[in-house]
file run28.pdb (PDB, C-alpha atoms)
MODEL        1
ATOM      1  CA  MET A 177      -4.009 -45.458   3.178
ATOM      2  CA  ALA A 178      -4.336 -44.729  -0.511
ATOM      3  CA  THR A 179      -1.513 -42.832  -2.125
ATOM      4  CA  ALA A 180      -2.524 -39.349  -3.175
ATOM      5  CA  GLU A 181      -1.400 -37.244  -6.092
ATOM      6  CA  ARG A 182      -1.982 -33.576  -6.875
ATOM      7  CA  THR A 183      -4.614 -33.027  -9.532
ATOM      8  CA  SER A 184      -5.843 -29.561 -10.481
ATOM      9  CA  GLY A 185      -4.440 -28.070  -7.288
ATOM     10  CA  THR A 186      -6.042 -30.637  -4.913
ATOM     11  CA  LEU A 187      -4.913 -33.910  -3.374
ATOM     12  CA  GLU A 188      -6.899 -36.838  -4.754
ATOM     13  CA  PRO A 189      -6.381 -40.595  -4.519
ATOM     14  CA  ILE A 190      -4.742 -42.394  -7.436
ATOM     15  CA  GLY A 191      -7.381 -43.720  -9.783
ATOM     16  CA  TYR A 192      -9.943 -41.161  -8.630
ATOM     17  CA  THR A 193     -12.317 -40.125 -11.407
ATOM     18  CA  ARG A 194     -14.454 -37.059 -10.993
ATOM     19  CA  SER A 195     -18.138 -37.750 -11.612
ATOM     20  CA  PRO A 196     -19.971 -35.910 -14.412
ATOM     21  CA  LEU A 197     -21.877 -33.931 -11.785
ATOM     22  CA  GLY A 198     -18.592 -32.979 -10.123
ATOM     23  CA  ARG A 199     -17.126 -31.827 -13.433
ATOM     24  CA  VAL A 200     -20.222 -29.699 -14.034
ATOM     25  CA  GLY A 201     -19.774 -28.132 -10.610
ATOM     26  CA  VAL A 202     -16.119 -27.326 -11.328
ATOM     27  CA  GLY A 203     -17.097 -25.845 -14.674
ATOM     28  CA  LEU A 204     -19.768 -23.666 -13.082
ATOM     29  CA  ARG A 205     -17.292 -22.411 -10.492
ATOM     30  CA  TRP A 206     -14.834 -21.435 -13.233
ATOM     31  CA  ILE A 207     -17.593 -19.658 -15.155
ATOM     32  CA  ALA A 208     -18.664 -17.783 -12.022
ATOM     33  CA  LEU A 209     -15.045 -16.826 -11.337
ATOM     34  CA  PHE A 210     -14.596 -15.583 -14.912
ATOM     35  CA  ILE A 211     -17.762 -13.463 -14.677
ATOM     36  CA  ALA A 212     -16.595 -12.011 -11.358
ATOM     37  CA  VAL A 213     -13.193 -11.108 -12.863
ATOM     38  CA  VAL A 214     -14.831  -9.428 -15.866
ATOM     39  CA  LEU A 215     -17.181  -7.416 -13.652
ATOM     40  CA  PHE A 216     -14.265  -6.386 -11.437
ATOM     41  CA  LEU A 217     -12.066  -5.270 -14.346
ATOM     42  CA  LEU A 218     -14.846  -3.584 -16.346
ATOM     43  CA  PRO A 219     -14.633  -0.198 -14.527
ATOM     44  CA  PHE A 220     -10.851  -0.120 -15.009
ATOM     45  CA  TYR A 221     -11.268  -0.824 -18.720
ATOM     46  CA  LEU A 222     -13.820   1.982 -19.055
ATOM     47  CA  ILE A 223     -11.530   4.415 -17.235
ATOM     48  CA  LEU A 224      -8.519   3.557 -19.402
ATOM     49  CA  ARG A 225     -10.515   3.514 -22.628
ATOM     50  CA  ASN A 226     -12.158   6.892 -22.041
ATOM     51  CA  ALA A 227      -8.972   8.456 -20.676
ATOM     52  CA  LEU A 228      -7.260   7.805 -24.031
ATOM     53  CA  SER A 229     -10.199   8.982 -26.147
ATOM     54  CA  THR A 230     -11.506  12.252 -27.461
ATOM     55  CA  GLU A 231     -14.816  13.751 -26.393
ATOM     56  CA  ALA A 232     -16.291  12.583 -29.715
ATOM     57  CA  ASP A 233     -15.106   8.995 -29.191
ATOM     58  CA  ILE A 234     -16.578   8.875 -25.685
ATOM     59  CA  THR A 235     -19.982  10.219 -26.690
ATOM     60  CA  ALA A 236     -20.179   8.459 -30.094
ATOM     61  CA  ALA A 237     -23.254   6.327 -30.759
ATOM     62  CA  ASP A 238     -21.129   3.433 -32.087
ATOM     63  CA  TRP A 239     -19.093   1.876 -29.298
ATOM     64  CA  THR A 240     -15.595   0.589 -30.053
ATOM     65  CA  LEU A 241     -13.360  -1.462 -27.801
ATOM     66  CA  PHE A 242     -10.646   1.201 -28.109
ATOM     67  CA  PRO A 243     -10.534   4.280 -30.348
ATOM     68  CA  LYS A 244      -8.426   4.008 -33.504
ATOM     69  CA  ASP A 245      -6.088   6.764 -32.364
ATOM     70  CA  LEU A 246      -5.169   6.624 -28.683
ATOM     71  CA  GLN A 247      -4.902  10.142 -27.314
ATOM     72  CA  TRP A 248      -1.723   9.934 -25.233
ATOM     73  CA  GLY A 249      -1.625  13.705 -25.389
ATOM     74  CA  ASN A 250      -4.477  13.741 -22.878
ATOM     75  CA  ILE A 251      -1.870  13.185 -20.163
ATOM     76  CA  GLY A 252      -0.016  16.371 -21.057
ATOM     77  CA  GLU A 253      -3.284  18.260 -21.471
ATOM     78  CA  LEU A 254      -4.333  17.221 -17.977
ATOM     79  CA  PHE A 255      -1.136  18.372 -16.275
ATOM     80  CA  ASN A 256      -0.935  21.577 -18.339
ATOM     81  CA  ASN A 257      -4.438  22.670 -17.357
ATOM     82  CA  THR A 258      -3.889  25.935 -15.488
ATOM     83  CA  GLU A 259      -7.411  25.972 -14.022
ATOM     84  CA  VAL A 260      -7.031  22.585 -12.290
ATOM     85  CA  PRO A 261      -3.597  22.090 -10.643
ATOM     86  CA  ILE A 262      -3.483  18.292 -10.843
ATOM     87  CA  ALA A 263       0.192  17.997  -9.904
ATOM     88  CA  ARG A 264      -0.354  20.107  -6.788
ATOM     89  CA  ALA A 265      -3.509  18.132  -5.947
ATOM     90  CA  LEU A 266      -1.611  14.841  -6.210
ATOM     91  CA  TYR A 267       1.099  16.243  -3.937
ATOM     92  CA  ASN A 268      -1.478  17.393  -1.379
ATOM     93  CA  SER A 269      -3.207  13.995  -1.432
ATOM     94  CA  ALA A 270       0.126  12.234  -0.968
ATOM     95  CA  VAL A 271       1.029  14.452   2.016
ATOM     96  CA  VAL A 272      -2.408  14.055   3.577
ATOM     97  CA  GLY A 273      -2.379  10.303   2.966
ATOM     98  CA  ILE A 274       1.134   9.668   4.288
ATOM     99  CA  LEU A 275       1.083  11.977   7.312
ATOM    100  CA  GLY A 276      -2.514  11.113   8.181
ATOM    101  CA  THR A 277      -1.745   7.404   7.987
ATOM    102  CA  ALA A 278       1.411   7.756  10.086
ATOM    103  CA  GLY A 279      -0.450   9.772  12.705
ATOM    104  CA  GLN A 280      -3.328   7.322  12.905
ATOM    105  CA  LEU A 281      -0.956   4.380  13.230
ATOM    106  CA  LEU A 282       0.960   6.090  16.022
ATOM    107  CA  LEU A 283      -2.014   7.264  18.077
ATOM    108  CA  ALA A 284      -4.322   4.304  17.460
ATOM    109  CA  SER A 285      -1.631   1.695  18.109
ATOM    110  CA  MET A 286      -0.565   3.306  21.389
ATOM    111  CA  ALA A 287      -4.196   3.668  22.463
ATOM    112  CA  GLY A 288      -4.932   0.075  21.501
ATOM    113  CA  TYR A 289      -1.893  -1.246  23.355
ATOM    114  CA  GLY A 290      -2.763   0.768  26.443
ATOM    115  CA  LEU A 291      -6.317  -0.574  26.440
ATOM    116  CA  ALA A 292      -5.151  -4.148  25.913
ATOM    117  CA  ARG A 293      -2.166  -4.385  28.229
ATOM    118  CA  ILE A 294      -1.959  -1.564  30.784
ATOM    119  CA  PRO A 295      -4.228  -2.343  33.765
ATOM    120  CA  TYR A 296      -6.012   0.662  35.190
ATOM    121  CA  ARG A 297      -9.350   1.215  36.837
ATOM    122  CA  HIS A 298     -11.337   2.758  33.995
ATOM    123  CA  ALA A 299      -9.847   0.870  31.040
ATOM    124  CA  ASP A 300     -13.148  -0.755  30.081
ATOM    125  CA  LYS A 301     -15.035   2.538  30.328
ATOM    126  CA  VAL A 302     -12.526   4.255  28.043
ATOM    127  CA  PHE A 303     -12.763   1.385  25.571
ATOM    128  CA  TYR A 304     -16.569   1.500  25.547
ATOM    129  CA  ALA A 305     -16.441   5.270  25.051
ATOM    130  CA  ILE A 306     -14.180   4.829  22.014
ATOM    131  CA  VAL A 307     -16.483   2.177  20.588
ATOM    132  CA  ALA A 308     -19.460   4.472  21.204
ATOM    133  CA  THR A 309     -17.878   7.132  18.989
ATOM    134  CA  LEU A 310     -18.143   4.700  16.073
ATOM    135  CA  MET A 311     -21.929   4.933  16.319
ATOM    136  CA  ILE A 312     -21.967   8.741  15.984
ATOM    137  CA  PRO A 313     -22.650   9.827  12.380
ATOM    138  CA  GLY A 314     -19.913  11.939  10.860
ATOM    139  CA  ALA A 315     -22.439  14.646  10.002
ATOM    140  CA  VAL A 316     -22.959  15.296  13.716
ATOM    141  CA  THR A 317     -19.326  16.272  14.326
ATOM    142  CA  PHE A 318     -18.700  17.854  10.922
ATOM    143  CA  ILE A 319     -19.834  21.404  11.756
ATOM    144  CA  PRO A 320     -18.151  21.541  15.219
ATOM    145  CA  SER A 321     -14.922  20.267  13.653
ATOM    146  CA  PHE A 322     -15.090  22.934  10.947
ATOM    147  CA  ILE A 323     -15.701  25.674  13.533
ATOM    148  CA  VAL A 324     -12.635  24.565  15.504
ATOM    149  CA  VAL A 325     -10.448  24.393  12.393
ATOM    150  CA  SER A 326     -11.711  27.770  11.181
ATOM    151  CA  SER A 327     -11.064  29.426  14.556
ATOM    152  CA  LEU A 328      -7.486  28.132  14.450
ATOM    153  CA  GLY A 329      -6.963  29.611  10.977
ATOM    154  CA  TRP A 330      -6.384  26.237   9.356
ATOM    155  CA  VAL A 331      -8.821  26.614   6.462
ATOM    156  CA  SER A 332      -7.080  26.028   3.094
ATOM    157  CA  THR A 333      -4.044  24.520   4.841
ATOM    158  CA  LEU A 334      -2.662  21.003   5.050
ATOM    159  CA  ARG A 335      -2.888  21.210   8.837
ATOM    160  CA  GLY A 336      -6.639  21.596   8.573
ATOM    161  CA  LEU A 337      -6.813  18.570   6.301
ATOM    162  CA  ILE A 338      -4.600  16.293   8.398
ATOM    163  CA  ILE A 339      -4.810  17.049  12.120
ATOM    164  CA  PRO A 340      -8.600  16.621  12.660
ATOM    165  CA  THR A 341      -8.411  13.127  11.142
ATOM    166  CA  LEU A 342      -5.376  11.843  13.032
ATOM    167  CA  PHE A 343      -7.240   9.686  15.553
ATOM    168  CA  SER A 344      -9.504   6.849  14.485
ATOM    169  CA  GLY A 345     -11.643   5.014  17.011
ATOM    170  CA  PHE A 346     -12.041   2.122  14.600
ATOM    171  CA  ALA A 347      -8.260   1.744  14.188
ATOM    172  CA  ALA A 348      -7.819   1.884  17.974
ATOM    173  CA  PHE A 349     -10.448  -0.846  18.317
ATOM    174  CA  LEU A 350      -8.651  -3.060  15.772
ATOM    175  CA  PHE A 351      -5.282  -2.551  17.460
ATOM    176  CA  ARG A 352      -6.758  -3.328  20.862
ATOM    177  CA  GLN A 353      -8.240  -6.594  19.568
ATOM    178  CA  TYR A 354      -4.942  -7.532  17.942
ATOM    179  CA  PHE A 355      -2.823  -6.784  21.007
ATOM    180  CA  LEU A 356      -5.124  -8.905  23.174
ATOM    181  CA  ASN A 357      -3.930 -11.898  21.136
ATOM    182  CA  PHE A 358      -0.257 -10.865  21.084
ATOM    183  CA  PRO A 359       1.980 -13.437  22.876
ATOM    184  CA  LYS A 360       2.477 -12.241  26.457
ATOM    185  CA  GLU A 361       5.616 -14.353  26.800
ATOM    186  CA  LEU A 362       7.570 -11.963  24.571
ATOM    187  CA  GLU A 363       6.498  -8.978  26.661
ATOM    188  CA  GLU A 364       7.247 -10.702  29.962
ATOM    189  CA  ALA A 365      10.747 -11.560  28.772
ATOM    190  CA  ALA A 366      11.373  -7.888  27.987
ATOM    191  CA  ARG A 367      10.038  -6.810  31.384
ATOM    192  CA  VAL A 368      12.442  -9.213  33.086
ATOM    193  CA  ASP A 369      15.204  -7.250  31.353
ATOM    194  CA  GLY A 370      13.862  -4.046  32.895
ATOM    195  CA  ALA A 371      11.776  -2.618  30.043
ATOM    196  CA  GLY A 372       8.610  -0.687  30.870
ATOM    197  CA  TYR A 373       5.382  -0.614  28.921
ATOM    198  CA  PHE A 374       6.699   2.016  26.515
ATOM    199  CA  GLY A 375       9.932   0.111  25.891
ATOM    200  CA  VAL A 376       8.118  -3.194  25.438
ATOM    201  CA  PHE A 377       5.743  -1.585  22.949
ATOM    202  CA  TRP A 378       8.444  -0.053  20.748
ATOM    203  CA  ARG A 379      11.109  -2.756  21.023
ATOM    204  CA  ILE A 380       9.032  -5.938  21.114
ATOM    205  CA  VAL A 381       5.417  -5.411  20.069
ATOM    206  CA  VAL A 382       5.845  -3.085  17.087
ATOM    207  CA  PRO A 383       8.679  -5.009  15.347
ATOM    208  CA  ASN A 384       6.693  -8.250  15.688
ATOM    209  CA  SER A 385       3.449  -6.705  14.437
ATOM    210  CA  LEU A 386       4.603  -5.118  11.179
ATOM    211  CA  PRO A 387       2.225  -7.155   8.941
ATOM    212  CA  PHE A 388      -0.763  -5.946  10.957
ATOM    213  CA  PHE A 389       0.548  -2.370  10.910
ATOM    214  CA  ALA A 390       0.928  -2.657   7.124
ATOM    215  CA  ALA A 391      -2.681  -3.817   6.782
ATOM    216  CA  ILE A 392      -4.047  -0.919   8.842
ATOM    217  CA  ALA A 393      -1.741   1.489   6.996
ATOM    218  CA  ALA A 394      -3.073   0.352   3.616
ATOM    219  CA  ILE A 395      -6.707   0.698   4.700
ATOM    220  CA  THR A 396      -6.067   4.098   6.288
ATOM    221  CA  PHE A 397      -4.104   5.482   3.329
ATOM    222  CA  ILE A 398      -6.813   4.439   0.883
ATOM    223  CA  GLY A 399      -9.448   6.096   3.051
ATOM    224  CA  ASN A 400      -7.432   9.326   3.344
ATOM    225  CA  TRP A 401      -6.689   9.371  -0.386
ATOM    226  CA  ASN A 402     -10.365   8.916  -1.309
ATOM    227  CA  SER A 403     -11.686  11.416   1.248
ATOM    228  CA  PHE A 404     -13.781  14.091  -0.440
ATOM    229  CA  LEU A 405     -16.233  15.981   1.789
ATOM    230  CA  TRP A 406     -13.783  17.235   4.437
ATOM    231  CA  PRO A 407     -11.106  18.310   1.893
ATOM    232  CA  LEU A 408     -13.855  19.981  -0.164
ATOM    233  CA  VAL A 409     -14.918  22.156   2.768
ATOM    234  CA  ILE A 410     -11.428  22.876   4.144
ATOM    235  CA  GLY A 411      -9.588  23.221   0.826
ATOM    236  CA  GLN A 412     -11.256  26.445  -0.307
ATOM    237  CA  ASP A 413      -8.178  27.583  -2.217
ATOM    238  CA  SER A 414      -6.931  25.654  -5.263
ATOM    239  CA  SER A 415      -3.466  25.366  -3.706
ATOM    240  CA  SER A 416      -4.953  23.138  -0.966
ATOM    241  CA  TRP A 417      -7.112  20.937  -3.199
ATOM    242  CA  THR A 418      -6.661  17.193  -2.976
ATOM    243  CA  ILE A 419      -6.992  15.007  -6.055
ATOM    244  CA  GLN A 420     -10.617  14.153  -5.303
ATOM    245  CA  VAL A 421     -11.576  17.828  -5.056
ATOM    246  CA  ALA A 422      -9.611  18.669  -8.188
ATOM    247  CA  MET A 423     -11.425  15.963 -10.165
ATOM    248  CA  SER A 424     -14.803  17.339  -9.112
ATOM    249  CA  THR A 425     -14.027  20.629 -10.875
ATOM    250  CA  PHE A 426     -14.169  18.936 -14.278
ATOM    251  CA  ILE A 427     -17.936  18.706 -13.820
ATOM    252  CA  THR A 428     -19.654  22.072 -13.539
ATOM    253  CA  ALA A 429     -23.109  23.439 -14.269
ATOM    254  CA  GLN A 430     -21.841  24.783 -17.591
ATOM    255  CA  THR A 431     -19.400  22.156 -18.898
ATOM    256  CA  VAL A 432     -18.347  18.556 -18.439
ATOM    257  CA  ASN A 433     -14.741  17.848 -19.448
ATOM    258  CA  ILE A 434     -15.118  14.096 -19.855
ATOM    259  CA  HIS A 435     -11.765  12.985 -21.284
ATOM    260  CA  GLU A 436      -9.698  14.976 -18.758
ATOM    261  CA  LEU A 437     -11.927  13.702 -15.961
ATOM    262  CA  PHE A 438     -11.287  10.086 -16.942
ATOM    263  CA  MET A 439      -7.561  10.750 -17.307
ATOM    264  CA  ALA A 440      -7.520  12.318 -13.845
ATOM    265  CA  VAL A 441      -9.331   9.273 -12.466
ATOM    266  CA  ALA A 442      -6.785   6.958 -14.113
ATOM    267  CA  VAL A 443      -3.908   8.944 -12.613
ATOM    268  CA  SER A 444      -5.541   9.113  -9.181
ATOM    269  CA  ILE A 445      -6.201   5.381  -8.834
ATOM    270  CA  LEU A 446      -2.685   4.344  -9.881
ATOM    271  CA  PRO A 447      -1.159   4.783  -6.373
ATOM    272  CA  LEU A 448      -4.055   2.835  -4.844
ATOM    273  CA  VAL A 449      -3.671  -0.014  -7.329
ATOM    274  CA  LEU A 450       0.052  -0.245  -6.548
ATOM    275  CA  ILE A 451      -0.574  -0.190  -2.790
ATOM    276  CA  PHE A 452      -3.243  -2.863  -3.048
ATOM    277  CA  ALA A 453      -1.051  -5.026  -5.306
ATOM    278  CA  PHE A 454       1.864  -4.984  -2.854
ATOM    279  CA  LEU A 455      -0.108  -5.105   0.405
ATOM    280  CA  GLN A 456      -3.117  -7.269  -0.444
ATOM    281  CA  ARG A 457      -1.848 -10.242   1.587
ATOM    282  CA  TYR A 458      -1.408  -7.942   4.592
ATOM    283  CA  LEU A 459      -4.992  -6.710   4.159
ATOM    284  CA  ILE A 460      -6.313 -10.269   4.379
ATOM    285  CA  GLN A 461      -3.969 -11.090   7.251
ATOM    286  CA  GLY A 462      -4.972  -7.933   9.092
ATOM    287  CA  VAL A 463      -8.656  -8.807   8.938
ATOM    288  CA  THR A 464      -8.030 -12.298  10.320
ATOM    289  CA  GLN A 465      -5.621 -11.097  13.021
ATOM    290  CA  SER A 466      -7.911  -8.345  14.292
ATOM    291  CA  GLY A 467      -9.263 -11.214  16.263
ATOM    292  CA  ILE A 468     -12.591 -10.216  17.903
ATOM    293  CA  LYS A 469     -11.351 -12.100  20.942
ATOM    294  CA  ASP A 470     -11.614 -10.670  24.410
TER     295      ASP A 470
ENDMDL
END

call {"tool": "encode", "arguments": {"input": "run28.pdb", "output": "structure tokens"}}
result
Amino acid sequence: MATAERTSGTLEPIGYTRSPLGRVGVGLRWIALFIAVVLFLLPFYLILRNALSTEADITAADWTLFPKDLQWGNIGELFNNTEVPIARALYNSAVVGILGTAGQLLLASMAGYGLARIPYRHADKVFYAIVATLMIPGAVTFIPSFIVVSSLGWVSTLRGLIIPTLFSGFAAFLFRQYFLNFPKELEEAARVDGAGYFGVFWRIVVPNSLPFFAAIAAITFIGNWNSFLWPLVIGQDSSSWTIQVAMSTFITAQTVNIHELFMAVAVSILPLVLIFAFLQRYLIQGVTQSGIKD
């Protein structure tokens, strides 16, 4: 067998020479990758550039890569705006994102484990009913949900923003598919020691499934953070605005505050960028481990 050496990240035999056609293919792949990176980073560049510009720089006919004088004072102007409580909106979004994510993980994981491991007569029917809810448009349940929240007096409260979104049929489906592939040997060993389903779930399954939990948590938090329509309807008072609702107030029928809007966008995406940077490998792993295996 020919000895192999690592060349350009791949194993190739000694003396191997890439053909001209092969080199062209590699070059085209690098060009395509470069174009994809530029297209991906372009929106972030525009956000940062406009966030540190004046209104005149943003709307000027002559485009510059960056304005001559970066307006770092836009940050202070944003947080000192008394009409749009950005700090409070960020706090509300953080509370909604964290508590909503924790609640969805708790309820969806327990539902998924019950559907995957606890044998009972109507397990399949319950699972099919949960899957069926995924085919119901959100607009159908929007008004009934608002009526329930309004009757409970939860309008303009964090409870009204969080509690109606605590259960996710899609998350329960993903957990169920994952737990179907979880090694039964670990659970059986715990049952020999006298643990029940609840004990096995918390002591064995959860500690050995943290990467998958992290993946679902990242997806759920991003979805809660970016939610707009439900917080817009429920958060009728400025003290209950989330960051997405607060940003929408910079665009009105009378005025468009462009530089503060871009600065608010830059501030709002920072937590998501950090979460994605630290949990991106769990996102990929979570998609592969969700398993569509029955």

call {"tool": "resolve_selection", "arguments": {"input": "run28.pdb", "expression": "the PyMOL selection byres ((chain A and resi 273-278) around 10)", "output": "compact mmCIF listing (two decimals) with C-alpha atoms, keeping the file's coordinate frame"}}
result
# COMPACT_ATOMS: atom_id res chain seq x y z
CA TYR A 267 1.10 16.24 -3.94
CA ASN A 268 -1.48 17.39 -1.38
CA SER A 269 -3.21 14.00 -1.43
CA ALA A 270 0.13 12.23 -0.97
CA VAL A 271 1.03 14.45 2.02
CA VAL A 272 -2.41 14.06 3.58
CA GLY A 279 -0.45 9.77 12.70
CA GLN A 280 -3.33 7.32 12.90
CA LEU A 281 -0.96 4.38 13.23
CA LEU A 282 0.96 6.09 16.02
CA LEU A 283 -2.01 7.26 18.08
CA ALA A 284 -4.32 4.30 17.46
CA LEU A 337 -6.81 18.57 6.30
CA ILE A 338 -4.60 16.29 8.40
CA ILE A 339 -4.81 17.05 12.12
CA PRO A 340 -8.60 16.62 12.66
CA THR A 341 -8.41 13.13 11.14
CA LEU A 342 -5.38 11.84 13.03
CA PHE A 343 -7.24 9.69 15.55
CA ILE A 392 -4.05 -0.92 8.84
CA ALA A 393 -1.74 1.49 7.00
CA ALA A 394 -3.07 0.35 3.62
CA ILE A 395 -6.71 0.70 4.70
CA THR A 396 -6.07 4.10 6.29
CA PHE A 397 -4.10 5.48 3.33
CA ILE A 398 -6.81 4.44 0.88
CA GLY A 399 -9.45 6.10 3.05
CA ASN A 400 -7.43 9.33 3.34
CA TRP A 401 -6.69 9.37 -0.39
CA ASN A 402 -10.36 8.92 -1.31
CA SER A 403 -11.69 11.42 1.25

call {"tool": "atom_distance", "arguments": {"input": "run28.pdb", "atom1": "atom CA of Leu386 of chain A", "atom2": "atom CA of Tyr458 of chain A"}}
result
9.4 Å

call {"tool": "resolve_selection", "arguments": {"input": "run28.pdb", "expression": "the PyMOL selection byres ((chain A and resi 412) around 12)", "output": "PyMOL selection string"}}
result
chain A and resi 326+330-334+336-337+405-411+413-418+421-422

call {"tool": "resolve_selection", "arguments": {"input": "run28.pdb", "expression": "the PyMOL selection byres ((chain A and resi 255) around 12)", "output": "list in words"}}
result
Gly249, Asn250, Ile251, Gly252, Glu253, Leu254, Asn256, Asn257, Thr258, Glu259, Val260, Pro261, Ile262, Ala263, Arg264, Ala265, Leu266, Ala422, Glu436, Leu437, Met439, Ala440 and Val443 of chain A

call {"tool": "closest_residue", "arguments": {"input": "run28.pdb", "among": "A:Phe355, A:Phe210, A:Met311, A:Ala347", "to": "Leu291 of chain A", "atoms": "only C-alpha atoms"}}
result
A:Phe355
